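**Student:** Input file: input_12.cif. Contents: mmCIF, C-alpha atoms.
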```cif
data_coords
#
loop_
_atom_site.label_atom_id
_atom_site.label_comp_id
_atom_site.auth_asym_id
_atom_site.auth_seq_id
_atom_site.Cartn_x
_atom_site.Cartn_y
_atom_site.Cartn_z
CA SER H 1 -33.91 101.18 80.05
CA GLN H 2 -33.47 98.41 82.60
CA PRO H 3 -32.14 94.94 81.75
CA THR H 4 -34.77 92.22 81.28
CA THR H 5 -32.51 89.46 82.58
CA GLY H 6 -29.84 89.13 85.27
CA VAL H 7 -29.93 91.43 88.29
CA LEU H 8 -33.43 92.25 89.55
CA TYR H 9 -34.71 95.83 90.09
CA LYS H 10 -37.90 96.74 91.98
CA GLU H 11 -39.74 100.05 91.80
CA ASP H 12 -39.83 100.42 95.60
CA ASN H 13 -36.05 99.90 96.02
CA TYR H 14 -34.70 103.37 95.15
CA ILE H 15 -33.04 106.53 96.46
CA ILE H 16 -33.50 110.16 95.38
CA MET H 17 -30.28 111.83 94.20
CA THR H 18 -29.88 115.62 93.98
CA THR H 19 -27.08 117.23 91.94
CA VAL H 20 -25.24 120.45 92.90
CA ASP H 21 -27.58 122.26 90.45
CA LYS H 22 -30.61 121.01 92.45
CA GLU H 23 -31.63 118.54 89.68
CA LYS H 24 -33.46 115.53 91.11
CA TYR H 25 -33.30 111.89 89.98
CA LYS H 26 -34.91 108.68 91.17
CA CYS H 27 -32.26 105.94 91.13
CA LEU H 28 -33.26 102.27 91.22
CA LEU H 29 -30.88 100.03 93.15
CA PRO H 30 -30.17 96.42 92.16
CA LEU H 31 -31.32 93.61 94.44
CA ILE H 32 -28.02 91.85 95.10
CA ALA H 33 -28.15 88.07 94.97
CA SER H 34 -24.85 86.24 95.17
CA GLY H 35 -24.57 83.07 93.13
CA ASN H 36 -21.40 81.95 94.97
CA GLU H 37 -23.24 79.80 97.49
CA GLU H 38 -25.08 77.91 94.75
CA GLU H 39 -21.86 77.37 92.78
CA GLU H 40 -20.09 76.05 95.89
CA LYS H 41 -22.98 73.73 96.71
CA ASP H 42 -23.12 72.30 93.17
CA TYR H 43 -19.34 71.88 92.82
CA LYS H 44 -18.45 68.27 91.93
CA GLY H 45 -14.90 68.85 90.65
CA PRO H 46 -11.51 67.77 92.06
CA THR H 47 -10.76 68.28 95.77
CA PRO H 48 -8.16 70.93 96.73
CA GLY H 49 -5.65 68.13 97.42
CA GLU H 50 -6.20 66.74 93.91
CA LEU H 51 -5.86 70.21 92.34
CA LEU H 52 -2.47 70.64 94.04
CA GLU H 53 -1.30 67.14 93.09
CA PRO H 54 0.60 68.25 89.91
CA LEU H 55 2.70 70.57 92.09
CA PHE H 56 3.63 67.74 94.45
CA LYS H 57 4.28 65.22 91.66
CA GLN H 58 6.57 67.34 89.49
CA SER H 59 9.10 67.88 92.30
CA SER H 60 9.02 71.67 91.94
CA CYS H 61 10.50 74.08 94.50
CA SER H 62 9.79 77.75 95.28
CA TYR H 63 12.34 80.20 96.69
CA ARG H 64 12.27 83.41 98.65
CA ILE H 65 15.48 85.44 99.11
CA GLU H 66 15.61 87.67 102.17
CA SER H 67 18.41 89.76 103.66
CA TYR H 68 20.27 86.82 105.24
CA TRP H 69 18.21 83.67 104.75
CA THR H 70 16.95 81.99 101.61
CA TYR H 71 13.81 79.86 101.99
CA GLU H 72 13.27 76.79 99.82
CA VAL H 73 9.86 75.10 99.68
CA CYS H 74 9.98 71.83 97.73
CA HIS H 75 6.25 71.11 97.51
CA GLY H 76 5.17 67.93 99.23
CA LYS H 77 8.75 67.24 100.36
CA HIS H 78 10.44 69.77 102.67
CA ILE H 79 11.03 73.38 103.70
CA ARG H 80 14.65 74.49 104.09
CA GLN H 81 16.10 77.74 105.44
CA TYR H 82 19.72 78.32 104.47
CA HIS H 83 22.54 80.85 104.13
CA GLU H 84 25.58 80.42 101.85
CA GLU H 85 28.94 82.05 102.50
CA LYS H 86 32.02 81.84 100.30
CA GLU H 87 35.22 81.39 102.21
CA THR H 88 38.79 81.77 100.98
CA GLY H 89 39.62 79.29 98.25
CA GLN H 90 36.00 79.52 97.00
CA LYS H 91 34.83 76.95 99.57
CA ILE H 92 31.09 77.41 100.18
CA ASN H 93 29.96 77.19 103.78
CA ILE H 94 26.22 76.47 104.15
CA GLN H 95 24.25 77.10 107.33
CA GLU H 96 20.86 75.39 107.04
CA TYR H 97 17.76 74.24 108.96
CA TYR H 98 14.89 72.07 107.80
CA LEU H 99 11.62 73.66 108.94
CA GLY H 100 9.68 70.51 108.14
CA ASN H 101 9.68 67.29 106.10
CA MET H 102 6.64 65.70 104.49
CA ILE H 103 7.95 62.14 104.07
CA MET H 104 9.18 61.91 107.66
CA LYS H 105 6.06 63.41 109.27
CA ASN H 106 4.62 60.04 110.22
CA PRO H 107 7.32 57.34 109.88
CA LEU H 108 4.77 54.55 110.51
CA SER H 109 2.53 55.38 107.55
CA GLU H 110 3.12 53.84 104.13
CA PRO H 111 2.80 56.06 101.02
CA GLU H 112 -0.60 54.51 100.18
CA GLU H 113 -1.78 55.22 103.71
CA SER H 114 -0.65 58.85 103.54
CA GLN H 115 -2.62 59.26 100.29
CA GLU H 116 -5.71 57.90 102.04
CA LEU H 117 -5.11 60.36 104.89
CA SER H 118 -4.95 63.17 102.31
CA CYS H 119 -8.29 62.10 100.80
CA ASP H 120 -9.82 61.86 104.28
CA TYR H 121 -8.52 65.35 105.02
CA ASP H 122 -10.15 66.70 101.82
CA LEU H 123 -13.42 65.07 102.90
CA PHE H 124 -13.04 66.61 106.37
CA LEU H 125 -12.49 70.07 104.83
CA SER H 126 -15.53 69.70 102.58
CA LEU H 127 -17.74 69.00 105.62
CA THR H 128 -16.29 71.73 107.87
CA GLN H 129 -15.49 75.41 107.67
CA ILE H 130 -12.48 76.05 105.40
CA PRO H 131 -9.73 77.84 107.38
CA THR H 132 -8.98 81.47 106.44
CA LYS H 133 -6.08 83.89 106.94
CA ASN H 134 -6.12 87.67 107.00
CA ILE H 135 -4.34 88.76 103.80
CA GLU H 136 -4.36 92.56 103.38
CA GLY H 137 -7.52 92.93 105.47
CA GLN H 138 -9.36 90.21 103.55
CA MET H 139 -10.14 86.84 105.11
CA THR H 140 -8.72 84.49 102.48
CA PRO H 141 -9.41 80.72 102.39
CA TYR H 142 -6.35 78.47 102.33
CA TYR H 143 -5.50 74.78 102.02
CA PRO H 144 -3.07 73.70 104.77
CA VAL H 145 -0.33 71.08 104.41
CA GLU H 146 1.47 70.08 107.63
CA LEU H 147 5.18 69.24 107.62
CA GLY H 148 6.98 67.87 110.67
CA ASN H 149 10.24 66.28 111.78
CA GLY H 150 12.46 69.23 110.85
CA THR H 151 15.88 70.07 112.34
CA PRO H 152 15.80 69.71 116.17
CA CYS H 153 15.17 73.00 118.01
CA SER H 154 17.55 73.67 120.92
CA LEU H 155 15.13 76.25 122.39
CA ARG H 156 12.45 73.53 122.76
CA GLN H 157 14.34 70.58 124.28
CA ASN H 158 15.46 69.47 120.80
CA LEU H 159 11.89 68.97 119.58
CA PRO H 160 11.80 68.88 115.75
CA ARG H 161 10.81 72.05 113.88
CA SER H 162 7.43 71.94 112.11
CA SER H 163 5.55 74.07 109.58
CA THR H 164 2.11 74.65 108.09
CA VAL H 165 2.19 75.47 104.38
CA MET H 166 -0.89 77.52 103.46
CA TYR H 167 -1.79 77.37 99.77
CA ILE H 168 -4.02 80.22 98.62
CA CYS H 169 -5.59 80.93 95.24
CA HIS H 170 -4.00 83.64 93.13
CA PRO H 171 -4.83 83.48 89.40
CA GLU H 172 -1.60 85.11 88.17
CA ALA H 173 0.86 83.52 90.61
CA LYS H 174 3.53 80.93 89.84
CA HIS H 175 3.63 79.20 93.24
CA GLU H 176 5.59 82.07 94.86
CA ILE H 177 6.33 82.14 98.59
CA LEU H 178 4.40 85.17 99.86
CA SER H 179 5.67 84.99 103.43
CA VAL H 180 7.46 82.88 106.02
CA ALA H 181 6.64 83.59 109.68
CA GLU H 182 7.74 81.93 112.92
CA VAL H 183 4.40 81.90 114.78
CA THR H 184 5.80 80.29 117.92
CA THR H 185 9.34 79.11 118.70
CA CYS H 186 10.44 76.76 115.87
CA GLU H 187 6.90 76.51 114.44
CA TYR H 188 6.36 78.24 111.12
CA GLU H 189 3.66 79.38 108.73
CA VAL H 190 4.48 79.58 105.02
CA VAL H 191 2.01 81.19 102.57
CA ILE H 192 2.18 80.06 98.92
CA LEU H 193 0.32 81.78 96.06
CA THR H 194 -0.87 79.28 93.46
CA PRO H 195 -3.33 79.39 90.53
CA LEU H 196 -4.12 75.66 90.92
CA LEU H 197 -6.63 76.20 93.77
CA CYS H 198 -8.59 78.83 91.81
CA ASN H 199 -10.57 76.10 90.01
CA HIS H 200 -12.29 75.33 93.33
CA PRO H 201 -15.07 77.89 94.07
CA LYS H 202 -14.53 77.71 97.85
CA TYR H 203 -10.90 78.90 97.53
CA ARG H 204 -11.41 81.88 95.20
CA PHE H 205 -11.11 85.50 96.27
CA ARG H 206 -14.52 87.03 96.96
CA ALA H 207 -14.68 89.87 94.45
CA SER H 208 -17.27 92.54 95.19
CA PRO H 209 -19.95 92.42 92.43
CA VAL H 210 -20.49 95.65 90.47
CA ASN H 211 -24.05 96.27 89.26
CA ASP H 212 -25.57 99.21 87.41
CA ILE H 213 -27.80 101.80 89.07
CA PHE H 214 -30.55 103.21 86.80
CA CYS H 215 -31.66 106.82 87.26
CA GLN H 216 -34.80 108.54 85.94
CA SER H 217 -35.28 112.34 85.93
CA LEU H 218 -38.06 113.69 88.15
CA PRO H 219 -40.47 116.45 86.95
CA GLY H 220 -38.65 119.78 86.55
CA SER H 221 -35.25 118.17 85.96
CA PRO H 222 -33.52 117.59 82.57
CA LEU H 223 -33.16 114.08 81.17
CA LYS H 224 -29.40 114.26 81.94
CA PRO H 225 -27.72 116.47 84.56
CA HIS H 226 -26.17 119.61 83.04
CA ASN H 227 -22.66 118.76 84.31
CA LEU H 228 -22.85 115.24 82.81
CA GLU H 229 -23.74 116.66 79.38
CA GLN H 230 -20.80 119.06 79.59
CA LEU H 231 -18.45 116.20 80.50
CA GLU H 232 -19.69 114.05 77.58
CA LYS H 233 -19.15 116.96 75.15
CA GLN H 234 -15.55 117.37 76.40
CA GLN H 235 -14.92 113.65 75.92
CA GLU H 236 -16.31 113.79 72.36
CA MET H 237 -14.03 116.76 71.57
CA GLN H 238 -11.00 114.74 72.68
CA LYS H 239 -11.96 111.89 70.33
CA MET H 240 -12.34 114.13 67.24
CA PRO H 241 -9.86 113.28 64.45
CA PHE H 242 -7.26 115.73 63.05
CA ARG H 243 -7.47 117.95 66.12
CA ARG H 244 -4.07 119.51 66.87
CA VAL H 245 -3.23 118.81 70.50
CA LYS H 246 -1.00 121.30 72.27
CA GLU H 247 2.05 119.78 73.92
CA GLU H 248 0.94 120.85 77.41
CA GLU H 249 -2.38 119.03 76.90
CA MET H 250 -0.61 115.73 76.15
CA PRO H 251 -0.87 113.29 79.08
CA SER H 252 2.63 112.52 80.36
CA THR H 253 3.43 108.81 80.30
CA LYS H 254 5.77 109.27 83.24
CA GLU H 255 2.96 110.65 85.37
CA GLU H 256 0.63 107.80 84.50
CA LYS H 257 -0.42 106.07 87.69
CA PHE H 258 -0.11 102.32 87.80
CA SER H 259 -3.40 100.52 87.27
CA SER H 260 -3.66 97.32 89.25
CA ILE H 261 -4.02 94.15 87.18
CA HIS H 262 -5.11 92.06 90.15
CA LYS H 263 -5.78 92.58 93.82
CA PRO H 264 -2.39 93.28 95.43
CA VAL H 265 -1.54 91.02 98.32
CA ALA H 266 0.16 91.72 101.62
CA VAL H 267 0.64 89.88 104.89
CA GLY H 268 -0.29 91.51 108.19
CA SER H 269 3.07 91.07 109.88
CA HIS H 270 5.77 93.64 110.56
CA GLN H 271 8.34 91.66 108.57
CA LEU H 272 6.66 91.65 105.18
CA LEU H 273 4.98 94.98 104.71
CA THR H 274 3.66 94.83 101.18
CA VAL H 275 3.54 92.74 98.07
CA GLY H 276 1.65 94.06 95.08
CA THR H 277 1.86 93.62 91.33
CA THR H 278 1.03 96.64 89.20
CA HIS H 279 0.98 97.28 85.46
CA ILE H 280 3.55 99.83 84.49
CA SER H 281 3.56 101.97 81.34
CA LYS H 282 2.78 101.95 77.68
CA LEU H 283 6.36 102.74 76.68
CA THR H 284 8.31 100.35 74.47
CA ASP H 285 10.85 98.10 76.20
CA GLU H 286 13.77 100.14 74.87
CA GLN H 287 12.29 103.48 76.00
CA LEU H 288 11.29 102.07 79.36
CA ILE H 289 14.74 100.58 80.05
CA LYS H 290 16.49 103.84 79.11
CA GLU H 291 14.18 105.97 81.23
CA PHE H 292 14.28 103.53 84.16
CA LEU H 293 18.11 103.40 84.18
CA SER H 294 18.34 107.20 83.91
CA GLY H 295 16.11 107.48 87.00
CA SER H 296 13.41 109.46 85.17
CA TYR H 297 10.92 106.55 85.14
CA CYS H 298 10.19 105.42 88.70
CA PHE H 299 8.48 102.25 89.94
CA HIS H 300 5.63 102.63 92.44
CA GLY H 301 4.18 99.91 94.67
CA GLY H 302 2.60 99.10 98.02
CA VAL H 303 -0.98 98.45 99.04
CA GLY H 304 -1.20 99.29 102.75
CA TRP H 305 -0.86 102.63 104.58
CA TRP H 306 2.59 103.19 103.04
CA LYS H 307 3.32 103.28 99.31
CA TYR H 308 6.84 103.12 97.84
CA GLU H 309 8.59 105.00 95.06
CA PHE H 310 11.85 103.63 93.66
CA CYS H 311 13.86 105.74 91.21
CA TYR H 312 16.93 103.80 90.03
CA GLY H 313 20.17 105.57 90.88
CA LYS H 314 18.31 108.30 92.79
CA TYR H 315 16.29 107.32 95.86
CA VAL H 316 13.71 105.11 97.64
CA HIS H 317 10.80 107.00 99.22
CA GLN H 318 8.00 105.76 101.46
CA TYR H 319 4.87 107.93 101.37
CA HIS H 320 1.25 108.17 102.45
CA GLU H 321 -1.35 110.38 100.78
CA ASP H 322 -4.29 111.75 102.74
CA LYS H 323 -7.06 114.07 101.50
CA GLU H 324 -6.93 116.15 104.66
CA SER H 325 -3.25 116.24 105.65
CA GLY H 326 -1.77 115.88 102.13
CA LYS H 327 1.32 113.77 101.39
CA THR H 328 3.61 112.44 104.13
CA SER H 329 6.96 111.30 102.72
CA VAL H 330 9.95 109.53 104.31
CA VAL H 331 13.32 109.19 102.55
CA VAL H 332 14.28 105.53 103.06
CA GLY H 333 17.58 105.86 101.20
CA THR H 334 19.43 107.96 98.61
CA TRP H 335 21.93 106.85 96.00
CA ASN H 336 25.63 107.51 96.27
CA LYS H 337 27.73 105.55 93.78
CA GLU H 338 30.92 105.61 95.90
CA GLU H 339 29.04 104.42 99.01
CA HIS H 340 27.43 101.60 97.02
CA ILE H 341 30.79 100.48 95.57
CA GLU H 342 32.25 100.45 99.11
CA TRP H 343 29.23 98.41 100.29
CA SER H 344 29.55 95.99 97.34
CA ARG H 345 33.15 95.15 98.32
CA LYS H 346 31.78 93.54 101.52
CA ASN H 347 28.45 92.26 100.18
CA ALA H 348 27.44 90.28 97.09
CA ALA H 349 26.22 92.80 94.51
CA ARG H 350 25.41 90.03 92.01
CA THR H 351 23.79 86.64 92.56
CA PHE H 352 24.31 84.07 89.79
CA TYR H 353 22.18 81.25 88.49
CA LEU H 354 23.83 78.19 86.91
CA ARG H 355 22.10 77.11 83.70
CA GLU H 356 21.78 73.46 82.66
CA ASP H 357 24.42 73.96 79.95
CA GLY H 358 26.95 75.02 82.62
CA THR H 359 26.92 78.75 81.80
CA GLN H 360 26.14 81.37 84.43
CA THR H 361 23.57 84.14 84.25
CA VAL H 362 22.83 86.94 86.73
CA ARG H 363 19.74 86.14 88.81
CA MET H 364 19.65 89.23 91.02
CA VAL H 365 21.59 92.43 91.72
CA SER H 366 21.65 94.29 95.06
CA HIS H 367 22.19 98.04 95.44
CA PHE H 368 22.80 100.05 98.62
CA TYR H 369 20.93 103.32 99.22
CA GLY H 370 22.00 105.07 102.46
CA ASN H 371 21.60 108.51 104.08
CA GLY H 372 17.82 108.35 104.46
CA ASP H 373 15.84 110.34 107.02
CA VAL H 374 17.07 109.90 110.61
CA CYS H 375 15.23 107.11 112.44
CA ASP H 376 13.67 107.91 115.85
CA LEU H 377 14.42 104.40 117.14
CA THR H 378 18.14 104.30 116.27
CA ASP H 379 19.09 107.99 115.85
CA LYS H 380 20.79 106.90 112.61
CA PRO H 381 19.88 107.55 108.96
CA ARG H 382 17.58 105.01 107.35
CA GLN H 383 19.13 102.74 104.71
CA VAL H 384 17.81 100.22 102.20
CA THR H 385 19.19 97.40 100.07
CA VAL H 386 17.31 97.25 96.75
CA LYS H 387 17.20 93.76 95.26
CA LEU H 388 16.39 93.74 91.52
CA LYS H 389 15.21 90.33 90.34
CA CYS H 390 14.13 88.83 87.05
CA LYS H 391 10.54 87.61 87.17
CA GLU H 392 8.86 86.20 84.09
CA SER H 393 5.20 87.15 83.65
CA ASP H 394 2.45 87.00 81.03
CA SER H 395 2.28 90.77 81.37
CA PRO H 396 5.65 92.07 80.04
CA HIS H 397 5.44 95.35 81.96
CA ALA H 398 4.33 94.04 85.35
CA VAL H 399 6.34 94.90 88.47
CA THR H 400 6.10 93.37 91.94
CA ILE H 401 7.41 95.46 94.84
CA TYR H 402 7.74 94.37 98.46
CA MET H 403 9.39 95.95 101.49
CA LEU H 404 11.02 94.11 104.40
CA GLU H 405 12.39 95.58 107.62
CA PRO H 406 14.74 92.93 109.11
CA HIS H 407 16.19 95.52 111.54
CA SER H 408 14.77 98.83 112.78
CA CYS H 409 14.98 101.37 109.92
CA GLN H 410 17.17 99.05 107.82
CA TYR H 411 15.10 97.91 104.88
CA ILE H 412 15.11 95.60 101.90
CA LEU H 413 13.13 96.62 98.84
CA GLY H 414 12.42 93.73 96.45
CA VAL H 415 11.67 94.76 92.86
CA GLU H 416 10.75 91.96 90.44
CA SER H 417 9.77 92.41 86.79
CA PRO H 418 10.22 91.01 83.26
CA VAL H 419 11.74 94.44 82.41
CA ILE H 420 14.62 93.64 84.82
CA CYS H 421 15.22 90.29 83.05
CA LYS H 422 16.38 92.24 79.98
CA ILE H 423 19.13 94.17 81.79
CA LEU H 424 20.49 91.87 84.54
CA ASP H 425 23.25 90.44 82.33
CA THR H 426 24.66 93.96 81.82
CA ALA H 427 25.58 94.12 85.55
CA ASP H 428 29.24 94.87 86.23
CA GLU H 429 31.22 93.64 89.28
CA TYR H 430 29.44 96.25 91.44
CA GLY H 431 25.99 95.22 90.18
CA LEU H 432 25.59 98.46 88.20
CA LEU H 433 23.33 98.08 85.17
CA SER H 434 23.44 99.61 81.68
CA VAL H 435 21.29 99.71 78.56
CA PRO H 436 21.75 96.42 76.59
CA SER H 437 23.77 96.92 73.41
#
```
Would it be possible to restate this file's structure as structure tokens?
**Tutor:**
Amino acid sequence: SQPTTGVLYKEDNYIIMTTVDKEKYKCLLPLIASGNEEEEKDYKGPTPGELLEPLFKQSSCSYRIESYWTYEVCHGKHIRQYHEEKETGQKINIQEYYLGNMIMKNPLSEPEESQELSCDYDLFLSLTQIPTKNIEGQMTPYYPVELGNGTPCSLRQNLPRSSTVMYICHPEAKHEILSVAEVTTCEYEVVILTPLLCNHPKYRFRASPVNDIFCQSLPGSPLKPHNLEQLEKQQEMQKMPFRRVKEEEMPSTKEEKFSSIHKPVAVGSHQLLTVGTTHISKLTDEQLIKEFLSGSYCFHGGVGWWKYEFCYGKYVHQYHEDKESGKTSVVVGTWNKEEHIEWSRKNAARTFYLREDGTQTVRMVSHFYGNGDVCDLTDKPRQVTVKLKCKESDSPHAVTIYMLEPHSCQYILGVESPVICKILDTADEYGLLSVPS
């Protein structure tokens, strides 16, 4: 029976479906009416600038660690790009550039005046088309904040560096930096994921609505297709209590594919290939940690053409699956403990975070995987540095994976998860992890 409220169905809006057994059904299609436009028109809530105000007022900063540079976005204040090096005698040498400063953008304006400008800008946005950016093939609305008066740029007659910070709605984000790109010399675009904008209907992702299709059997056809009845019987059999299940019939947890808990996000630039959060496993923490560290439980990620498989202490693979040509796989790097230890003597295998009480905790470990497939561009084996980072999340078994290629066929694989938080402090001087005692 059709619903009496909600989506509308009309008798003349249908298609005839024929099964492989030549059974025929008349299927009524829903008349799609999107309520988004009405919601946007009726919206009387806070402006995007007002929604982001808590972020600017609480003096919070977001960080992104890449192969050489670390990016620091202190919201409403500045963007800094820096690299720290420890010299002999533990002296820290910092190389840094400011990509933009908020306070110094217009030295003539008073704080009150800049607030008025912000309100005027919100009004301007409400009357005009909201700007969008292509994020993983989807035109995504963003709220721009301009920062100027950064470190002078020698390549542009010492003109100051400047940046546009693009805030986009992401319900599960914690103000992460999705990407930093130099769009023209010394001018940058920084994309920030934030849940704060999601309260404004004009800044939400456009999710495709899913509506039911109702089918009626035509004369000479059974009420339900034969194959559908068979499938329903099989499903009922699986639900029956006290049925002894043979071991080979048991679904393997390790083979369970990762169901997405939100739309994964990626930026269409060659630098940042993919960022996607997936939900990983029904195993307990203890089981998962043991299996992950033994290399038998692998993390999968990626949302574009290439997907990634990371098996700790074994390998990093890049693969693409196609119905016609099957699976194409590239070995990005393989694990060799001796090679990693040699690498860790010249590179920081552990990055520390100083707590407020003065104690140190491990924030990230880096592992080297070399001897991948030979690269056509360099005639050398591919290699990857895997950076394992602690990332708190409401979903305890979520994992975010992203791949960077700072140099041809030399990669960085970022793996962030609450699971990793539980094992980082076991890292030894080479960054090697073990099961917590």
**Student:** State, in Å with one decimal place, the distance from CA of Val330 in chain H to CA of Val316 in chain H.
**Tutor:**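 CA of Val316 in chain H lies 8.8 Å from CA of Val330 in chain H.
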**Student:** Rounded to one decimal in Å, what is the spacing between CA of Leu193 in chain H and CA of Gln129 in chain H?
**Tutor:**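 The value is 20.6 Å.
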**Student:** Taking the file as shown, what set of residues would the PyMOL selection byres ((chain H and resi 95-99) around 12) give back, as a ChimeraX atom specification?
**Tutor:** /H:68-74,77-86,92-94,100-102,104-105,146-154,159-165,180-182,185-190
**Student:** Starting from the point (14.1, 88.5, 83.9), work out which residues of protein, DNA or RNA have an atom no more than 7 Å away when counting only C-alpha atoms; state them as a list in words.
**Tutor:** Lys389, Cys390, Lys391, Glu392, Ser417, Pro418, Val419, Ile420, Cys421 and Lys422 of chain H
**Student:** Next, dump the selected residues to file, keeping only C-alpha atoms, as a tab-separated table (two decimals), in the frame of the given file.
**Tutor:**
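What ended up in result_34.tsv:
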```tsv
chain	number	residue	atom	x	y	z
H	389	LYS	CA	15.21	90.33	90.34
H	390	CYS	CA	14.13	88.83	87.05
H	391	LYS	CA	10.54	87.61	87.17
H	392	GLU	CA	8.86	86.20	84.09
H	417	SER	CA	9.77	92.41	86.79
H	418	PRO	CA	10.22	91.01	83.26
H	419	VAL	CA	11.74	94.44	82.41
H	420	ILE	CA	14.62	93.64	84.82
H	421	CYS	CA	15.22	90.29	83.05
H	422	LYS	CA	16.38	92.24	79.98
```
**Student:** So what does the PyMOL selection byres ((chain H and resi 25-31) around 9) actually pick up in this one, as a PyMOL selection string?
**Tutor:** chain H and resi 7-19+23-24+32-33+211-218+221
**Student:** In Å, with one decimal, what is the gap from CA of Pro171 in chain H to CA of Lys44 in chain H?
**Tutor:** 20.6 Å
**Student:** Calculated over all atoms listed in the file, which of the candidates H:Gln235, H:Asn336, H:Asn199, H:Thr426 has the smallest distance to Val362 in chain H?
**Tutor:** H:Thr426
**Student:** Which residues fall under the PyMOL selection byres ((chain H and resi 337) around 10) in this file, as a ChimeraX atom specification?
**Tutor:** /H:313-314,334-336,338-343,367-369,430,432
**Student:** Would you save the residues from that selection as a short mmCIF file (atom, residue, chain, number, x, y, z; two decimals), keeping the file's coordinate frame, using C-alpha atoms?
**Tutor:**
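The file below, again.cif, is the result:
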```cif
data_model
loop_
_atom_site.label_atom_id
_atom_site.label_comp_id
_atom_site.auth_asym_id
_atom_site.auth_seq_id
_atom_site.Cartn_x
_atom_site.Cartn_y
_atom_site.Cartn_z
CA GLY H 313 20.17 105.57 90.88
CA LYS H 314 18.31 108.30 92.79
CA THR H 334 19.43 107.96 98.61
CA TRP H 335 21.93 106.85 96.00
CA ASN H 336 25.63 107.51 96.27
CA GLU H 338 30.92 105.61 95.90
CA GLU H 339 29.04 104.42 99.01
CA HIS H 340 27.43 101.60 97.02
CA ILE H 341 30.79 100.48 95.57
CA GLU H 342 32.25 100.45 99.11
CA TRP H 343 29.23 98.41 100.29
CA HIS H 367 22.19 98.04 95.44
CA PHE H 368 22.80 100.05 98.62
CA TYR H 369 20.93 103.32 99.22
CA TYR H 430 29.44 96.25 91.44
CA LEU H 432 25.59 98.46 88.20
#
```
**Student:** Calculated over all atoms listed in the file, which of the candidates H:Tyr63, H:Phe56, H:Trp306, H:Tyr203 has the smallest distance to Gly76 in chain H?
**Tutor:** H:Phe56
**Student:** From the options H:Gln360, H:Ser434, H:Ser408, H:Thr184, which residue's atoms come nearest to Pro381 in chain H, counting all atoms listed in the file?
**Tutor:**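 Residue with the minimum atom-to-atom distance to Pro381 in chain H: H:Ser408.
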**Student:** From the options H:Tyr411, H:Tyr143, H:Tyr315, H:Tyr402, which residue's atoms come nearest to Cys298 in chain H, counting only C-alpha atoms?
**Tutor:**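 Between H:Tyr411, H:Tyr143, H:Tyr315, H:Tyr402, the residue approaching Cys298 in chain H most closely is H:Tyr315.
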**Student:** Between H:Ser366, H:Ser437, H:Asn371, H:Thr140, which has the minimum distance to Leu413 in chain H (counting only C-alpha atoms)?
**Tutor:**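 Comparing H:Ser366, H:Ser437, H:Asn371, H:Thr140 against Leu413 in chain H, the winner is H:Ser366.
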**Student:** Need to verify the contact set: Phe352 in chain H, 12 Å, all atoms listed in the file, exclusion of same-chain residues closer than 2 positions in sequence. Can you return it as a list in words?
**Tutor:**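 Answer for this query is Ala348, Ala349, Arg350, Leu354, Arg355, Gly358, Thr359, Gln360, Thr361, Val362, Arg363, Met364, Val365, Ser366, Lys389, Cys390, Leu424, Asp425, Ala427, Glu429 and Gly431 of chain H.
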**Student:** From the options H:Thr194, H:Thr47, H:Thr351, H:Asn158, which residue's atoms come nearest to His170 in chain H, counting only C-alpha atoms?
**Tutor:** H:Thr194
